[in-house]
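Below is protein_23.csv, which holds CSV, C-alpha atoms and all ligand atoms.
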chain,number,residue,atom,x,y,z
A,238,MET,CA,-45.3,24.8,52.2
A,239,MET,CA,-42.0,26.6,52.5
A,240,GLU,CA,-42.4,26.7,56.3
A,241,ASP,CA,-43.0,23.0,56.4
A,242,LEU,CA,-39.9,22.3,54.4
A,243,SER,CA,-37.9,24.6,56.5
A,244,GLN,CA,-39.0,22.9,59.7
A,245,GLN,CA,-38.1,19.5,58.3
A,246,THR,CA,-34.7,20.7,57.4
A,247,ALA,CA,-33.9,23.2,60.1
A,248,ALA,CA,-30.2,22.5,59.9
A,249,HIS,CA,-30.0,23.8,56.3
A,250,ASP,CA,-30.8,26.9,54.4
A,251,VAL,CA,-33.8,26.6,52.0
A,252,ILE,CA,-33.7,29.3,49.4
A,253,PRO,CA,-36.6,29.9,47.0
A,254,LEU,CA,-35.6,31.2,43.6
A,255,PRO,CA,-37.2,34.6,43.1
A,256,TRP,CA,-39.4,33.6,40.2
A,257,ALA,CA,-42.0,31.1,39.3
A,258,TRP,CA,-41.6,28.5,36.6
A,259,SER,CA,-44.7,28.9,34.5
A,260,PRO,CA,-46.7,25.8,34.9
A,261,ARG,CA,-47.8,24.0,31.7
A,262,ARG,CA,-51.3,25.4,31.6
A,263,ARG,CA,-53.9,23.8,29.5
A,264,ARG,CA,-54.0,26.4,26.8
A,265,ASN,CA,-56.4,26.9,24.0
A,266,THR,CA,-55.4,25.3,20.8
A,267,VAL,CA,-54.5,28.1,18.4
A,268,PHE,CA,-56.0,28.0,14.9
A,269,PRO,CA,-53.6,30.1,12.8
A,270,ILE,CA,-54.6,31.8,9.6
A,271,PHE,CA,-51.3,32.7,7.9
A,272,LEU,CA,-51.4,35.8,5.7
A,273,PRO,CA,-47.9,36.0,4.4
A,274,PHE,CA,-46.8,39.6,3.6
A,275,ARG,CA,-50.4,40.9,3.6
A,276,GLY,CA,-50.3,44.6,4.4
A,277,CYS,CA,-46.5,44.7,4.8
A,278,PRO,CA,-45.3,48.2,3.7
A,279,VAL,CA,-41.8,46.8,3.0
A,280,ARG,CA,-40.1,43.4,2.7
A,281,CYS,CA,-37.9,43.3,5.8
A,282,VAL,CA,-34.3,42.2,5.2
A,283,PHE,CA,-34.6,39.0,7.2
A,284,CYS,CA,-38.2,37.9,6.4
A,285,ALA,CA,-39.2,34.9,4.3
A,286,GLN,CA,-42.8,34.5,5.6
A,287,GLU,CA,-43.7,31.6,3.3
A,288,GLU,CA,-40.8,29.5,4.3
A,289,GLN,CA,-41.2,30.5,8.0
A,290,THR,CA,-44.8,29.5,8.1
A,291,GLY,CA,-44.9,26.8,5.5
A,292,CYS,CA,-47.8,28.6,4.0
A,293,ARG,CA,-47.4,29.5,0.3
A,294,SER,CA,-50.5,31.6,0.1
A,295,SER,CA,-49.3,35.1,-0.5
A,296,GLN,CA,-51.0,35.1,-4.0
A,297,THR,CA,-54.2,33.4,-2.8
A,298,PRO,CA,-57.2,35.7,-2.6
A,299,ILE,CA,-58.2,36.5,1.0
A,300,PRO,CA,-61.8,35.3,0.5
A,301,THR,CA,-60.5,31.9,-0.6
A,302,LEU,CA,-58.2,31.7,2.4
A,303,LEU,CA,-61.0,32.6,4.7
A,304,ALA,CA,-63.5,30.2,3.2
A,305,ILE,CA,-61.0,27.4,3.8
A,306,ALA,CA,-60.4,28.5,7.3
A,307,ARG,CA,-64.2,28.9,8.0
A,308,GLU,CA,-64.8,25.3,6.8
A,309,ALA,CA,-62.0,24.0,9.0
A,310,LEU,CA,-63.2,25.9,12.1
A,311,GLN,CA,-66.7,24.6,11.5
A,312,GLN,CA,-65.4,21.0,11.4
A,313,HIS,CA,-63.3,21.6,14.4
A,314,ALA,CA,-66.4,22.7,16.3
A,315,ALA,CA,-68.5,19.8,15.0
A,316,GLN,CA,-65.9,17.4,16.4
A,317,ARG,CA,-66.4,19.1,19.8
A,318,LYS,CA,-62.8,20.0,20.2
A,319,MET,CA,-61.7,22.5,22.8
A,320,PRO,CA,-62.6,26.1,22.1
A,321,THR,CA,-60.0,27.5,19.8
A,322,GLU,CA,-58.1,30.8,19.6
A,323,LEU,CA,-58.0,32.2,16.1
A,324,ALA,CA,-54.8,33.9,15.2
A,325,PHE,CA,-54.0,36.0,12.2
A,326,TYR,CA,-50.2,35.7,11.6
A,327,GLY,CA,-47.6,36.3,8.9
A,328,GLY,CA,-48.2,39.8,7.7
A,329,THR,CA,-49.1,43.3,8.9
A,330,PHE,CA,-52.7,42.6,9.9
A,331,THR,CA,-53.7,46.2,10.6
A,332,ALA,CA,-52.3,47.6,7.3
A,333,MET,CA,-54.2,45.2,5.0
A,334,PRO,CA,-56.6,46.7,2.4
A,335,GLU,CA,-59.9,47.6,4.0
A,336,ASP,CA,-61.9,44.8,2.2
A,337,ASP,CA,-59.4,42.1,3.4
A,338,LEU,CA,-59.3,43.4,7.0
A,339,ARG,CA,-63.1,43.6,7.1
A,340,ALA,CA,-63.4,40.1,5.8
A,341,CYS,CA,-61.0,38.8,8.4
A,342,LEU,CA,-62.8,40.6,11.3
A,343,ASN,CA,-66.2,39.3,9.9
A,344,LEU,CA,-64.9,35.7,10.1
A,345,ALA,CA,-63.6,36.3,13.6
A,346,THR,CA,-66.9,37.8,14.7
A,347,GLU,CA,-68.9,34.9,13.2
A,348,ALA,CA,-66.6,32.3,14.8
A,349,LEU,CA,-67.0,34.0,18.2
A,350,GLU,CA,-70.8,34.2,17.8
A,351,ARG,CA,-71.1,30.6,16.8
A,352,GLY,CA,-68.8,29.5,19.6
A,353,TRP,CA,-66.2,28.1,17.3
A,354,ILE,CA,-63.5,30.1,19.0
A,355,ASN,CA,-63.4,31.9,22.3
A,356,THR,CA,-60.9,34.6,21.4
A,357,PHE,CA,-58.7,35.9,18.6
A,358,ARG,CA,-55.4,37.7,18.2
A,359,CYS,CA,-53.4,39.2,15.4
A,360,SER,CA,-49.8,40.3,14.8
A,361,THR,CA,-48.7,43.5,13.2
A,362,ARG,CA,-46.0,46.1,13.0
A,363,PRO,CA,-45.7,48.9,15.6
A,364,ASP,CA,-45.9,51.6,12.9
A,365,SER,CA,-49.2,50.2,11.6
A,366,VAL,CA,-51.4,50.7,14.6
A,367,ASN,CA,-53.2,53.7,15.9
A,368,ALA,CA,-55.9,54.4,18.5
A,369,SER,CA,-58.8,54.1,16.2
A,370,MET,CA,-57.6,50.9,14.6
A,371,LEU,CA,-57.0,49.3,18.0
A,372,LYS,CA,-60.4,50.4,19.2
A,373,ARG,CA,-61.9,48.7,16.2
A,374,LEU,CA,-60.1,45.5,17.0
A,375,ARG,CA,-61.2,45.6,20.6
A,376,THR,CA,-64.8,46.3,19.5
A,377,ALA,CA,-64.5,43.2,17.3
A,378,CYS,CA,-63.5,41.2,20.5
A,379,CYS,CA,-59.9,40.9,19.6
A,380,ASP,CA,-58.0,39.9,22.8
A,381,THR,CA,-54.3,40.2,22.0
A,382,VAL,CA,-52.2,42.2,19.6
A,383,GLU,CA,-48.7,41.0,19.0
A,384,LEU,CA,-46.3,43.7,17.8
A,385,GLY,CA,-43.3,42.6,15.7
A,386,ILE,CA,-41.0,45.1,17.3
A,387,GLN,CA,-37.8,43.1,16.8
A,388,SER,CA,-35.7,45.6,18.8
A,389,PHE,CA,-36.1,48.9,20.6
A,390,SER,CA,-32.6,50.0,19.6
A,391,ASP,CA,-32.7,52.9,17.1
A,392,SER,CA,-29.4,51.8,15.6
A,393,ALA,CA,-30.5,48.2,15.1
A,394,LEU,CA,-33.8,49.2,13.7
A,395,ALA,CA,-32.1,51.5,11.2
A,396,GLU,CA,-29.5,48.8,10.2
A,397,ALA,CA,-32.3,46.3,9.7
A,398,ARG,CA,-34.2,49.0,7.7
A,399,ARG,CA,-37.4,48.4,9.7
A,400,GLY,CA,-38.7,51.9,9.0
A,401,TYR,CA,-39.6,53.0,12.5
A,402,ASP,CA,-37.8,53.9,15.6
A,403,ALA,CA,-37.9,53.1,19.3
A,404,ALA,CA,-40.2,55.9,20.1
A,405,CYS,CA,-42.8,54.6,17.6
A,406,ALA,CA,-42.4,51.1,19.1
A,407,LEU,CA,-43.0,52.3,22.7
A,408,GLN,CA,-46.0,54.4,21.6
A,409,ALA,CA,-47.5,51.4,19.9
A,410,CYS,CA,-47.1,49.3,23.1
A,411,ALA,CA,-48.9,52.0,25.1
A,412,ASP,CA,-51.6,52.3,22.5
A,413,VAL,CA,-52.3,48.6,22.5
A,414,LEU,CA,-52.6,48.6,26.3
A,415,ASN,CA,-54.7,51.8,26.3
A,416,ALA,CA,-57.2,50.1,24.0
A,417,GLY,CA,-57.8,47.4,26.5
A,418,LEU,CA,-55.9,44.7,24.5
A,419,ARG,CA,-53.3,42.3,25.7
A,420,LEU,CA,-49.8,43.1,24.5
A,421,GLY,CA,-47.4,40.6,23.0
A,422,VAL,CA,-43.9,41.7,21.9
A,423,GLN,CA,-41.8,39.8,19.3
A,424,LEU,CA,-38.1,40.3,19.4
A,425,LEU,CA,-35.4,39.2,16.9
A,426,PRO,CA,-32.2,38.6,18.7
A,427,GLY,CA,-29.2,38.6,16.4
A,428,MET,CA,-30.8,40.7,13.7
A,429,PRO,CA,-28.5,43.1,11.9
A,430,GLY,CA,-27.2,45.7,14.3
A,431,ASN,CA,-28.3,43.7,17.3
A,432,THR,CA,-25.9,42.5,20.0
A,433,PRO,CA,-26.5,40.4,23.1
A,434,GLU,CA,-26.4,43.6,25.2
A,435,ILE,CA,-28.9,45.3,23.0
A,436,PHE,CA,-31.2,42.2,23.1
A,437,LEU,CA,-31.1,42.1,26.9
A,438,GLU,CA,-31.9,45.8,26.9
A,439,ASP,CA,-34.8,45.1,24.4
A,440,VAL,CA,-36.2,42.5,26.9
A,441,THR,CA,-36.1,45.1,29.7
A,442,GLN,CA,-37.7,47.7,27.5
A,443,ALA,CA,-40.5,45.3,26.4
A,444,LEU,CA,-41.2,44.4,30.0
A,445,GLU,CA,-41.2,48.1,31.1
A,446,ALA,CA,-43.5,48.9,28.2
A,447,GLY,CA,-46.0,46.4,29.7
A,448,ALA,CA,-45.6,43.3,27.4
A,449,GLN,CA,-47.7,40.5,28.8
A,450,MET,CA,-46.0,37.9,26.6
A,451,LEU,CA,-42.9,37.7,24.6
A,452,ARG,CA,-41.6,35.8,21.6
A,453,PHE,CA,-37.9,35.4,20.8
A,454,TYR,CA,-37.1,34.6,17.2
A,455,PRO,CA,-33.3,34.3,16.8
A,456,CYS,CA,-32.4,35.7,13.4
A,457,LEU,CA,-31.7,33.1,10.7
A,458,VAL,CA,-30.3,33.7,7.2
A,459,LEU,CA,-33.0,32.4,4.8
A,460,GLU,CA,-32.7,31.9,1.1
A,461,GLY,CA,-34.4,34.6,-0.9
A,462,THR,CA,-34.0,37.4,1.6
A,463,GLN,CA,-31.9,40.5,1.5
A,464,LEU,CA,-30.1,39.2,4.5
A,465,ALA,CA,-28.9,36.2,2.5
A,466,LYS,CA,-27.2,38.6,0.0
A,467,LEU,CA,-25.5,40.5,2.9
A,468,TRP,CA,-24.4,37.2,4.4
A,469,ARG,CA,-23.0,36.0,1.0
A,470,LYS,CA,-21.0,39.2,0.8
A,471,GLY,CA,-19.7,38.7,4.4
A,472,GLN,CA,-21.7,41.8,5.6
A,473,TYR,CA,-23.8,39.9,8.1
A,474,VAL,CA,-22.7,37.2,10.5
A,475,PRO,CA,-25.4,35.4,12.5
A,476,TRP,CA,-25.1,34.6,16.2
A,477,THR,CA,-23.7,31.2,17.1
A,478,VAL,CA,-26.0,28.6,18.8
A,479,ASN,CA,-24.0,29.0,22.0
A,480,GLN,CA,-24.2,32.8,22.0
A,481,THR,CA,-27.9,32.5,21.3
A,482,LEU,CA,-28.6,30.0,24.1
A,483,ASP,CA,-26.7,32.0,26.7
A,484,THR,CA,-28.2,35.3,25.7
A,485,LEU,CA,-31.8,34.0,25.4
A,486,ALA,CA,-31.4,32.3,28.8
A,487,ARG,CA,-30.6,35.7,30.3
A,488,GLY,CA,-33.6,37.3,28.6
A,489,TRP,CA,-35.9,34.4,29.5
A,490,LEU,CA,-34.8,34.8,33.2
A,491,ALA,CA,-35.5,38.5,33.1
A,492,ALA,CA,-39.0,37.8,31.7
A,493,ASN,CA,-39.6,35.0,34.2
A,494,MET,CA,-38.7,37.2,37.1
A,495,ALA,CA,-41.2,39.7,35.8
A,496,ARG,CA,-43.8,36.9,35.6
A,497,VAL,CA,-44.1,37.4,31.9
A,498,PRO,CA,-44.1,34.2,29.8
A,499,VAL,CA,-41.9,33.8,26.7
A,500,ILE,CA,-44.5,31.9,24.6
A,501,ARG,CA,-42.2,31.0,21.7
A,502,MET,CA,-38.5,30.7,21.2
A,503,GLY,CA,-37.3,30.0,17.6
A,504,LEU,CA,-39.4,29.4,14.5
A,505,ALA,CA,-41.6,26.4,14.4
A,506,PRO,CA,-40.0,23.6,12.4
A,507,GLN,CA,-41.3,23.4,8.8
A,508,ALA,CA,-39.9,21.4,5.9
A,509,GLU,CA,-39.8,24.5,3.7
A,510,LEU,CA,-38.0,26.4,6.5
A,511,GLU,CA,-35.3,23.8,6.9
A,512,SER,CA,-34.5,23.8,3.2
A,513,ALA,CA,-34.3,27.6,3.2
A,514,ILE,CA,-31.9,28.0,6.1
A,515,LEU,CA,-28.5,29.1,5.0
A,516,ASP,CA,-27.0,30.0,8.3
A,517,GLY,CA,-27.9,31.0,11.9
A,518,PRO,CA,-28.6,29.5,15.3
A,519,VAL,CA,-31.2,26.9,14.3
A,520,ASP,CA,-31.9,24.3,16.9
A,521,PRO,CA,-35.1,22.3,17.2
A,522,ALA,CA,-34.7,22.0,21.0
A,523,LEU,CA,-33.9,25.7,21.4
A,524,GLY,CA,-36.7,26.5,24.0
A,525,ASN,CA,-35.8,23.7,26.3
A,526,ARG,CA,-32.1,24.4,26.1
A,527,VAL,CA,-32.6,28.0,26.9
A,528,MET,CA,-34.8,27.3,29.9
A,529,ALA,CA,-32.3,24.7,31.1
A,530,ARG,CA,-29.5,27.2,31.0
A,531,GLY,CA,-31.7,29.9,32.5
A,532,LEU,CA,-32.3,27.6,35.5
A,533,LEU,CA,-28.6,26.8,35.9
A,534,MET,CA,-27.7,30.5,35.8
A,535,ALA,CA,-30.4,31.4,38.3
A,536,VAL,CA,-29.3,28.7,40.8
A,537,ARG,CA,-25.6,29.7,40.4
A,538,HIS,CA,-26.5,33.3,40.9
A,539,THR,CA,-28.7,32.6,43.9
A,540,LEU,CA,-26.0,30.4,45.5
A,541,SER,CA,-23.4,33.0,45.1
A,542,GLN,CA,-25.7,35.7,46.6
A,543,HIS,CA,-26.6,33.6,49.7
A,544,ASN,CA,-23.4,31.8,50.4
A,545,ALA,CA,-19.7,32.3,50.3
A,546,PRO,CA,-18.9,29.8,47.5
A,547,GLU,CA,-16.2,28.0,49.6
A,548,THR,CA,-18.7,27.2,52.3
A,549,VAL,CA,-21.3,25.5,50.1
A,550,SER,CA,-20.2,22.3,48.5
A,551,ASN,CA,-23.6,20.6,48.1
A,552,PHE,CA,-27.2,21.4,47.4
A,553,GLU,CA,-30.5,19.8,46.6
A,554,LEU,CA,-33.0,21.2,44.1
A,555,PHE,CA,-36.8,21.4,44.6
A,556,LEU,CA,-38.4,21.8,41.3
A,557,PRO,CA,-41.9,22.1,39.8
A,558,PRO,CA,-42.7,19.0,37.7
A,559,ALA,CA,-42.7,21.1,34.5
A,560,VAL,CA,-39.0,21.4,34.7
A,561,GLN,CA,-38.5,17.7,34.4
A,562,GLY,CA,-38.3,17.6,30.7
A,563,CYS,CA,-35.5,20.1,30.2
A,564,LEU,CA,-33.4,20.3,33.4
A,565,TRP,CA,-30.3,18.6,31.9
A,566,GLY,CA,-30.4,20.3,28.5
A,567,HIS,CA,-30.1,18.6,25.2
A,568,LYS,CA,-28.6,15.1,25.6
A,569,GLY,CA,-27.5,15.8,29.1
A,570,GLU,CA,-25.3,18.7,28.1
A,571,LEU,CA,-25.6,20.4,31.5
A,572,ARG,CA,-25.1,17.4,33.8
A,573,SER,CA,-21.4,18.1,34.3
A,574,ALA,CA,-22.1,21.8,35.1
A,575,TRP,CA,-24.7,20.8,37.7
A,576,SER,CA,-22.4,18.2,39.2
A,577,ALA,CA,-19.5,20.7,39.4
A,578,MET,CA,-21.8,23.1,41.2
A,579,GLY,CA,-22.5,20.5,43.8
A,580,LEU,CA,-26.0,19.3,42.9
A,581,GLN,CA,-26.7,16.2,45.0
A,582,LYS,CA,-30.3,15.4,44.7
A,583,ILE,CA,-33.5,16.6,42.9
A,584,HIS,CA,-37.0,16.6,44.4
A,585,TYR,CA,-40.0,17.4,42.3
A,586,TRP,CA,-42.8,19.2,44.2
A,587,GLN,CA,-46.1,20.7,43.5
A,588,GLN,CA,-44.9,24.3,43.9
A,589,ASP,CA,-44.5,26.5,40.8
A,590,PHE,CA,-41.1,27.9,42.0
A,591,PRO,CA,-37.8,26.2,42.3
A,592,ALA,CA,-35.9,26.2,45.6
A,593,ILE,CA,-32.4,25.2,46.7
A,594,ARG,CA,-31.5,23.5,50.0
A,595,THR,CA,-27.9,23.9,50.8
A,596,PHE,CA,-25.5,21.8,52.9
A,597,SER,CA,-22.5,23.4,54.5
A,598,ALA,CA,-20.5,20.2,54.0
A,599,ARG,CA,-20.8,17.1,51.9
A,600,PRO,CA,-22.9,14.5,53.7
A,601,SER,CA,-21.0,11.3,54.6
A,602,ALA,CA,-21.6,8.4,52.2
A,701,LIG,S1,-41.1,41.0,9.2
A,701,LIG,FE1,-43.3,41.5,9.4
A,701,LIG,S2,-43.5,43.5,8.4
A,701,LIG,FE2,-41.5,42.7,7.7
A,701,LIG,S3,-42.0,41.6,5.8
A,701,LIG,FE3,-42.1,40.1,7.4
A,701,LIG,S4,-44.3,40.0,8.0
A,701,LIG,FE4,-43.9,41.9,6.8
What does the file become when written as structure tokens?
Amino acid sequence: MMEDLSQQTAAHDVIPLPWAWSPRRRRNTVFPIFLPFRGCPVRCVFCAQEEQTGCRSSQTPIPTLLAIAREALQQHAAQRKMPTELAFYGGTFTAMPEDDLRACLNLATEALERGWINTFRCSTRPDSVNASMLKRLRTACCDTVELGIQSFSDSALAEARRGYDAACALQACADVLNAGLRLGVQLLPGMPGNTPEIFLEDVTQALEAGAQMLRFYPCLVLEGTQLAKLWRKGQYVPWTVNQTLDTLARGWLAANMARVPVIRMGLAPQAELESAILDGPVDPALGNRVMARGLLMAVRHTLSQHNAPETVSNFELFLPPAVQGCLWGHKGELRSAWSAMGLQKIHYWQQDFPAIRTFSARPSA
């Protein structure tokens, strides 16, 4: 396809960007079971799971929660919906009391055997996994373990009082992969002690550690947390929205170039969450704005690498259709930047990578 295009436009340079834009695959619907704070050895300074998930069930007995989930899964299957991925979120899954853990795994096994789901995943802390626990999960047909690592920086981990260090986080990544499980890594840009530079290094470390998917959750100040107290005393200042967008865009680009998807950016909107937010880079369009900036950065970088800026005054973009919804950013905030760079025309094509076609001079009108 690239050869065809080059032949049609032999007078111009056609430059593919060195990464693929993940197509919007038809993914399994995820059936989450939120287990707020279950198994958590500490209450992390930034964490307000019930507000974050909209699920006030930290006092509900696990058998009750699972019975409700079982009923819903059964109905889901009876309605012949797509096979669903079951996900245990919101706590430290692998550190729950044995009875609770066994009950969760039993539900997952039953749901798999009955065809209600086709896979399941869980999230946990890196200091709460070991080889035998991970083997147990794999034997129960768990597919993915997401590690809430937040940062690989020893200083940031200490400042956020996470209770483990980078070596522990890296070992946990290796253990998950060695157990034959898929590895997800969750990062918390802007958490206490974290800087944009540290976050970008965190992304690099997560990719080098073998992460197959990432989540970026910019740190928010939520009512009822230790962080809210620090914020009120002026001892914690969250990142601004702009700082977050630019930094996440760079992290997203790094992941994209490694062909690793960032499957979530920012917390899912919840009424409880909105009322609990005191400060921080909250933005309902965060993911699209980050990707839009990332593409702009990538094109700017690619143009500067391939052309002396003064010789390139115009270019066209060839984009996968999936880019269509976010190219201009929120309310067209990036239109002027694209225009100033010399963007003349956009073509949507059926490739999963963007490309640039440059002109050495502006075409006559
Ligand atoms: S961040 Fe994770 S480990 Fe810490 S309290 Fe929240 S759910 Fe528990």
Nearest-residue call for ligand LIG 701 (chain A), choices A:Leu425, A:Leu310, A:Leu564, A:Cys410, using only C-alpha atoms and all ligand atoms
A:Leu425
Determine, counting only C-alpha atoms, every residue of protein, DNA or RNA that lies within 10 Å of (-38.7, 37.7, 18.7) in the file coordinates, then give the result as an NGL selection string.
:A and (384-388 or 422-428 or 436 or 440 or 451-456 or 499 or 501-504)
Selected residues written out with C-alpha atoms, as a tab-separated table (two decimals), keeping the file's coordinate frame:
chain	number	residue	atom	x	y	z
A	384	LEU	CA	-46.30	43.70	17.80
A	385	GLY	CA	-43.30	42.60	15.70
A	386	ILE	CA	-41.00	45.10	17.30
A	387	GLN	CA	-37.80	43.10	16.80
A	388	SER	CA	-35.70	45.60	18.80
A	422	VAL	CA	-43.90	41.70	21.90
A	423	GLN	CA	-41.80	39.80	19.30
A	424	LEU	CA	-38.10	40.30	19.40
A	425	LEU	CA	-35.40	39.20	16.90
A	426	PRO	CA	-32.20	38.60	18.70
A	427	GLY	CA	-29.20	38.60	16.40
A	428	MET	CA	-30.80	40.70	13.70
A	436	PHE	CA	-31.20	42.20	23.10
A	440	VAL	CA	-36.20	42.50	26.90
A	451	LEU	CA	-42.90	37.70	24.60
A	452	ARG	CA	-41.60	35.80	21.60
A	453	PHE	CA	-37.90	35.40	20.80
A	454	TYR	CA	-37.10	34.60	17.20
A	455	PRO	CA	-33.30	34.30	16.80
A	456	CYS	CA	-32.40	35.70	13.40
A	499	VAL	CA	-41.90	33.80	26.70
A	501	ARG	CA	-42.20	31.00	21.70
A	502	MET	CA	-38.50	30.70	21.20
A	503	GLY	CA	-37.30	30.00	17.60
A	504	LEU	CA	-39.40	29.40	14.50
May I have the residues at most 12 Å from (-57.0, 52.7, 17.5) in the file's coordinates, counting all atoms listed in the file, as a PDB file with C-alpha atoms, in the coordinates of the input?
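Wrote it out as part-v2.pdb, contents follow:
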ATOM      1  CA  THR A 331     -53.700  46.200  10.600  1.00  0.00           C
ATOM      2  CA  SER A 365     -49.200  50.200  11.600  1.00  0.00           C
ATOM      3  CA  VAL A 366     -51.400  50.700  14.600  1.00  0.00           C
ATOM      4  CA  ASN A 367     -53.200  53.700  15.900  1.00  0.00           C
ATOM      5  CA  ALA A 368     -55.900  54.400  18.500  1.00  0.00           C
ATOM      6  CA  SER A 369     -58.800  54.100  16.200  1.00  0.00           C
ATOM      7  CA  MET A 370     -57.600  50.900  14.600  1.00  0.00           C
ATOM      8  CA  LEU A 371     -57.000  49.300  18.000  1.00  0.00           C
ATOM      9  CA  LYS A 372     -60.400  50.400  19.200  1.00  0.00           C
ATOM     10  CA  ARG A 373     -61.900  48.700  16.200  1.00  0.00           C
ATOM     11  CA  LEU A 374     -60.100  45.500  17.000  1.00  0.00           C
ATOM     12  CA  ARG A 375     -61.200  45.600  20.600  1.00  0.00           C
ATOM     13  CA  THR A 376     -64.800  46.300  19.500  1.00  0.00           C
ATOM     14  CA  VAL A 382     -52.200  42.200  19.600  1.00  0.00           C
ATOM     15  CA  GLN A 408     -46.000  54.400  21.600  1.00  0.00           C
ATOM     16  CA  ALA A 409     -47.500  51.400  19.900  1.00  0.00           C
ATOM     17  CA  CYS A 410     -47.100  49.300  23.100  1.00  0.00           C
ATOM     18  CA  ALA A 411     -48.900  52.000  25.100  1.00  0.00           C
ATOM     19  CA  ASP A 412     -51.600  52.300  22.500  1.00  0.00           C
ATOM     20  CA  VAL A 413     -52.300  48.600  22.500  1.00  0.00           C
ATOM     21  CA  LEU A 414     -52.600  48.600  26.300  1.00  0.00           C
ATOM     22  CA  ASN A 415     -54.700  51.800  26.300  1.00  0.00           C
ATOM     23  CA  ALA A 416     -57.200  50.100  24.000  1.00  0.00           C
ATOM     24  CA  GLY A 417     -57.800  47.400  26.500  1.00  0.00           C
ATOM     25  CA  LEU A 418     -55.900  44.700  24.500  1.00  0.00           C
TER      26      LEU A 418
END
Could you work out how far atom S2 of ligand LIG 701 (chain A) lies from atom CA of A:Trp468, giving the answer in Å with one decimal?
20.5 Å
Set out as CSV a contact list for chain A and ligand LIG 701 (chain A) with a cut-off of 10 Å, giving each residue of chain A that qualifies its closest atom pair and distance in Å to one decimal, counting all atoms listed in the file, ordered by chain and rising residue number.
residue,atom,partner,partner_atom,distance
A:Leu272,CA,A:LIG701,S4,8.6
A:Pro273,CA,A:LIG701,S4,6.5
A:Phe274,CA,A:LIG701,FE4,4.9
A:Arg275,CA,A:LIG701,FE4,7.3
A:Gly276,CA,A:LIG701,FE4,7.3
A:Cys277,CA,A:LIG701,FE4,4.3
A:Pro278,CA,A:LIG701,S2,6.9
A:Val279,CA,A:LIG701,S3,5.9
A:Arg280,CA,A:LIG701,S3,4.1
A:Cys281,CA,A:LIG701,FE2,4.1
A:Val282,CA,A:LIG701,FE2,7.6
A:Phe283,CA,A:LIG701,S1,7.1
A:Cys284,CA,A:LIG701,FE3,4.6
A:Ala285,CA,A:LIG701,FE3,6.7
A:Gln286,CA,A:LIG701,FE3,5.9
A:Glu287,CA,A:LIG701,FE3,9.6
A:Gln289,CA,A:LIG701,FE3,9.7
A:Tyr326,CA,A:LIG701,S4,8.1
A:Gly327,CA,A:LIG701,S4,5.0
A:Gly328,CA,A:LIG701,S4,3.9
A:Thr329,CA,A:LIG701,S2,5.6
A:Phe330,CA,A:LIG701,S4,9.0
A:Ala332,CA,A:LIG701,S2,9.8
A:Ser360,CA,A:LIG701,FE1,8.5
A:Thr361,CA,A:LIG701,FE1,6.9
A:Arg362,CA,A:LIG701,S2,5.8
A:Pro363,CA,A:LIG701,S2,9.3
A:Asp364,CA,A:LIG701,S2,9.6
A:Ser365,CA,A:LIG701,S2,9.4
A:Leu384,CA,A:LIG701,FE1,9.2
A:Gly385,CA,A:LIG701,FE1,6.4
A:Ile386,CA,A:LIG701,FE1,9.0
A:Gln387,CA,A:LIG701,S1,8.5
A:Arg398,CA,A:LIG701,FE2,9.6
A:Arg399,CA,A:LIG701,FE2,7.3
A:Gly400,CA,A:LIG701,S2,9.7
A:Leu425,CA,A:LIG701,S1,9.7
A:Thr462,CA,A:LIG701,S3,10.0
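For the atom pair formed by atom CA of A:Arg526 and atom CA of A:Leu482, the distance is 6.9 Å, given to one decimal.
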Atom CA of A:Ala443 to atom CA of A:Leu485, distance in Å rounded to a single decimal
14.3 Å
Place N, CA, C and O atoms on stretch 444-449 of chain A and deliver the coordinates as an mmCIF file, in the coordinates of the input.
data_model
loop_
_atom_site.group_PDB
_atom_site.id
_atom_site.type_symbol
_atom_site.label_atom_id
_atom_site.label_comp_id
_atom_site.auth_asym_id
_atom_site.auth_seq_id
_atom_site.Cartn_x
_atom_site.Cartn_y
_atom_site.Cartn_z
ATOM 1 N N LEU A 444 -40.548 44.654 28.749
ATOM 2 C CA LEU A 444 -41.200 44.400 30.000
ATOM 3 C C LEU A 444 -41.668 45.752 30.633
ATOM 4 O O LEU A 444 -42.789 45.862 31.149
ATOM 5 N N GLU A 445 -40.828 46.762 30.540
ATOM 6 C CA GLU A 445 -41.200 48.100 31.100
ATOM 7 C C GLU A 445 -42.363 48.685 30.287
ATOM 8 O O GLU A 445 -43.152 49.465 30.820
ATOM 9 N N ALA A 446 -42.432 48.323 29.013
ATOM 10 C CA ALA A 446 -43.500 48.900 28.200
ATOM 11 C C ALA A 446 -44.842 48.125 28.426
ATOM 12 O O ALA A 446 -45.854 48.485 27.833
ATOM 13 N N GLY A 447 -44.807 47.092 29.262
ATOM 14 C CA GLY A 447 -46.000 46.400 29.700
ATOM 15 C C GLY A 447 -46.354 45.148 28.886
ATOM 16 O O GLY A 447 -47.498 44.664 28.932
ATOM 17 N N ALA A 448 -45.357 44.577 28.197
ATOM 18 C CA ALA A 448 -45.600 43.300 27.400
ATOM 19 C C ALA A 448 -46.133 42.263 28.397
ATOM 20 O O ALA A 448 -45.611 42.086 29.499
ATOM 21 N N GLN A 449 -47.160 41.545 27.954
ATOM 22 C CA GLN A 449 -47.700 40.500 28.800
ATOM 23 C C GLN A 449 -47.309 39.101 28.274
ATOM 24 O O GLN A 449 -47.613 38.082 28.891
#
